[in-house]
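Peer 1: Structure below; questions to follow.
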Amino acid sequence: MSRATHRYAIDAGDTLIAPVNHAGDQGGGWLMSYLDMLTLLITLFVLLLALTGNDDSSASDEALAFPALGVPTLQAPAWSPNFYVPPRSNKRYVPPRDTAFYTPPPMPPRPPRVIMVNPAPAQNLMASVEASRDTRRVRQLTSTLKPLIDGVVVTQSAQTLNFRIENRLLFSSSRAGLTDAGREVLRQLMDSLQQYEGDITIEGHTDSRPIATDRFPSNWELSTARATAVLRFLVEEGLDSDELRAVGYADTHPLKSNATPEGRAANRRVELVLHEPESQ
C-alpha cells in the first residue's frame with residue numbers, strides 16, 4: 001500500500017493518534033517514513049559537527065575525518081580580551097636647535113575711533129540758553145524804562161517787547177507829521193532802543209472813523225504815513241535802517257471798541273515792536 005493511502009485522525013486537542021488502516025494495510029508503511037526521518041537527522045548532526053570543528057584537532061585531521069563530504073572546514077581564531085598596544089620607543093624626542101618662537105608681524109596703526117553724536121540735543125540746549133539770555137536782556141531793557149513815560153505802555157510777550165505810544169503824544173488829528181512833543185517822547189526811548197539788537201517794527205493804527213482827504217484817501221494811507229514818519233526820525237537819531245520797518249494796519253487791529261470816544265482814542269496809536277534777535 002502506498003503512503004498516499006494513509007489517513008490520520010485528528011482529535012479536538014490537535015493530538016496525533018494512531019493511523020487508521022484501510023482494508024488490506026499490513027501496518028508497515030509508517031515504519032519506512034520513520035526510518036527516513038532518522039536518517040535525515042543523523043546526516044544533519046554530522047554536518048553540524050563538521051562545520052563547528054574541534055579546537056584541539058588540526059585542520060588536516062578534520063579534512064581526513066570527512067574525506068567524502070567535501071565540506072571545507074574553518075578554524076576561528078582564539079578570542080583574547082587584550083587590545084593591541086603598540087611597542088614603546090626608548091628614544092627621547094629632542095627638538096631641533098634652529099627652532100625659534102613664532103613672532104607675529106606688527107599690527108598696522110588703528111585709525112582713531114570716531115563717535116557720531118546727534119547734534120540736535122546740543123543745538124536745542126544752546127537755543128534754550130540763547131532764549132533765556134534774550135529774555136533776561138528784555139527784562140533788563142524793560143527795567144531801564146522806569147519811571148514809565150506818561151502815555152507809553154510797555155508790554156512783553158514770549159518773543160517781543162512792545163512800546164505802545166498814544167497817538168496824541170506824536171501827531172495832531174488827521175496829520176502824519178511828528179509834533180515837537182512827539183519827537184521828545186521818541187528821544188526818551190532812544191537809549192532803550194539802541195541797547196536792543198533785534199529788528200524793530202513800527203506799526204501805525206487808527207480808529208474806524210473814515211477819512212477822505214487829498215493826501216490820505218483812507219485810514220490805510222494815514223496809518224502807513226505815521227509809521228513811516230516815526231521810522232525816519234529814529235534813523236535820523238542813529239538807529240540802523242536795516243533793522244527797522246514800517247507797517248500800516250489802519251483800523252484792523254483795535255484794542256477797544258470804536259463805539260466810544262475812549263475806545264477810539266485807545267485805538268489811535270503807534271507801536272514799536274522789538275523782535276527777539278535771531279540766534280547765530
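Each chain in the C-alpha cells gets a letter, A, B and so on, in the order shown; residues start at 1 in every chain, and ligands are counted from 1 in the order they appear.
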Give me the residues near Trp220 (chain A) as a list in words, where near means some atom within 8 Å (using only C-alpha atoms) and where sequence neighbours in that chain fewer than 2 positions away do not count.
Peer 2: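 Here the qualifying residues turn out to be Phe216, Ser218, Leu222, Ser223, Thr224, Gly248, Tyr249 and Ala250 of chain A.
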Peer 1: For Arg232 (chain A), find every residue with an atom within 12 Å (counting only C-alpha atoms), except residues of its own chain fewer than 2 positions away, and show them as a PDB file with C-alpha atoms, in the first residue's frame.
Peer 2:
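This went into selection23.pdb:
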ATOM      1  CA  GLY A 177       3.857 164.909  10.876  1.00  0.00           C
ATOM      2  CA  LEU A 178       5.540 164.472  14.275  1.00  0.00           C
ATOM      3  CA  ARG A 183       9.972 163.954  18.987  1.00  0.00           C
ATOM      4  CA  LEU A 186      10.892 159.272  20.953  1.00  0.00           C
ATOM      5  CA  ILE A 202       6.861 150.360  13.672  1.00  0.00           C
ATOM      6  CA  ALA A 225       2.390 157.600   6.777  1.00  0.00           C
ATOM      7  CA  ARG A 226       2.525 157.909  10.562  1.00  0.00           C
ATOM      8  CA  ALA A 227       4.589 154.696  10.900  1.00  0.00           C
ATOM      9  CA  THR A 228       6.963 155.936   8.184  1.00  0.00           C
ATOM     10  CA  ALA A 229       7.379 159.314   9.913  1.00  0.00           C
ATOM     11  CA  VAL A 230       8.458 157.598  13.160  1.00  0.00           C
ATOM     12  CA  LEU A 234      14.604 157.042  14.510  1.00  0.00           C
ATOM     13  CA  VAL A 235      17.039 156.711  11.601  1.00  0.00           C
ATOM     14  CA  GLU A 236      17.965 160.375  11.970  1.00  0.00           C
ATOM     15  CA  GLU A 237      18.652 159.765  15.653  1.00  0.00           C
ATOM     16  CA  GLY A 238      21.121 156.971  14.902  1.00  0.00           C
ATOM     17  CA  LEU A 239      19.278 153.655  14.594  1.00  0.00           C
ATOM     18  CA  ASP A 240      20.253 151.283  11.789  1.00  0.00           C
ATOM     19  CA  SER A 241      17.737 151.438   8.962  1.00  0.00           C
ATOM     20  CA  LEU A 244      13.644 148.953  11.037  1.00  0.00           C
ATOM     21  CA  ARG A 245      10.438 148.511   9.057  1.00  0.00           C
ATOM     22  CA  ALA A 246       7.140 150.424   8.938  1.00  0.00           C
TER      23      ALA A 246
END
Peer 1: So, counting only C-alpha atoms, which residue among A:Arg92, A:His205, A:Arg269, A:His275 is closest to Val247 (chain A)?
Peer 2: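 Closest to Val247 (chain A), using only C-alpha atoms: A:His205.
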Peer 1: Residues within 6 Å of Leu272 (chain A), please, as a PyMOL selection string. Count only C-alpha atoms; anything in the same chain fewer than 2 positions from it doesn't count.
Peer 2: chain A and resi 162-163+201-202
Peer 1: Which residues of region 153-207 of chain A sit at most 9 Å from region 258-266 of chain A, using only C-alpha atoms? Give each one's shortest atom pair and distance in Å (one decimal place), in chain and ascending residue order, as a tab-separated table.
Peer 2:
residue	atom	partner	partner_atom	distance
A:Glu166	CA	A:Ala266	CA	7.0
A:Asn167	CA	A:Ala265	CA	7.7
A:Arg168	CA	A:Ala265	CA	8.4
A:Thr206	CA	A:Arg264	CA	8.0
A:Asp207	CA	A:Arg264	CA	5.3
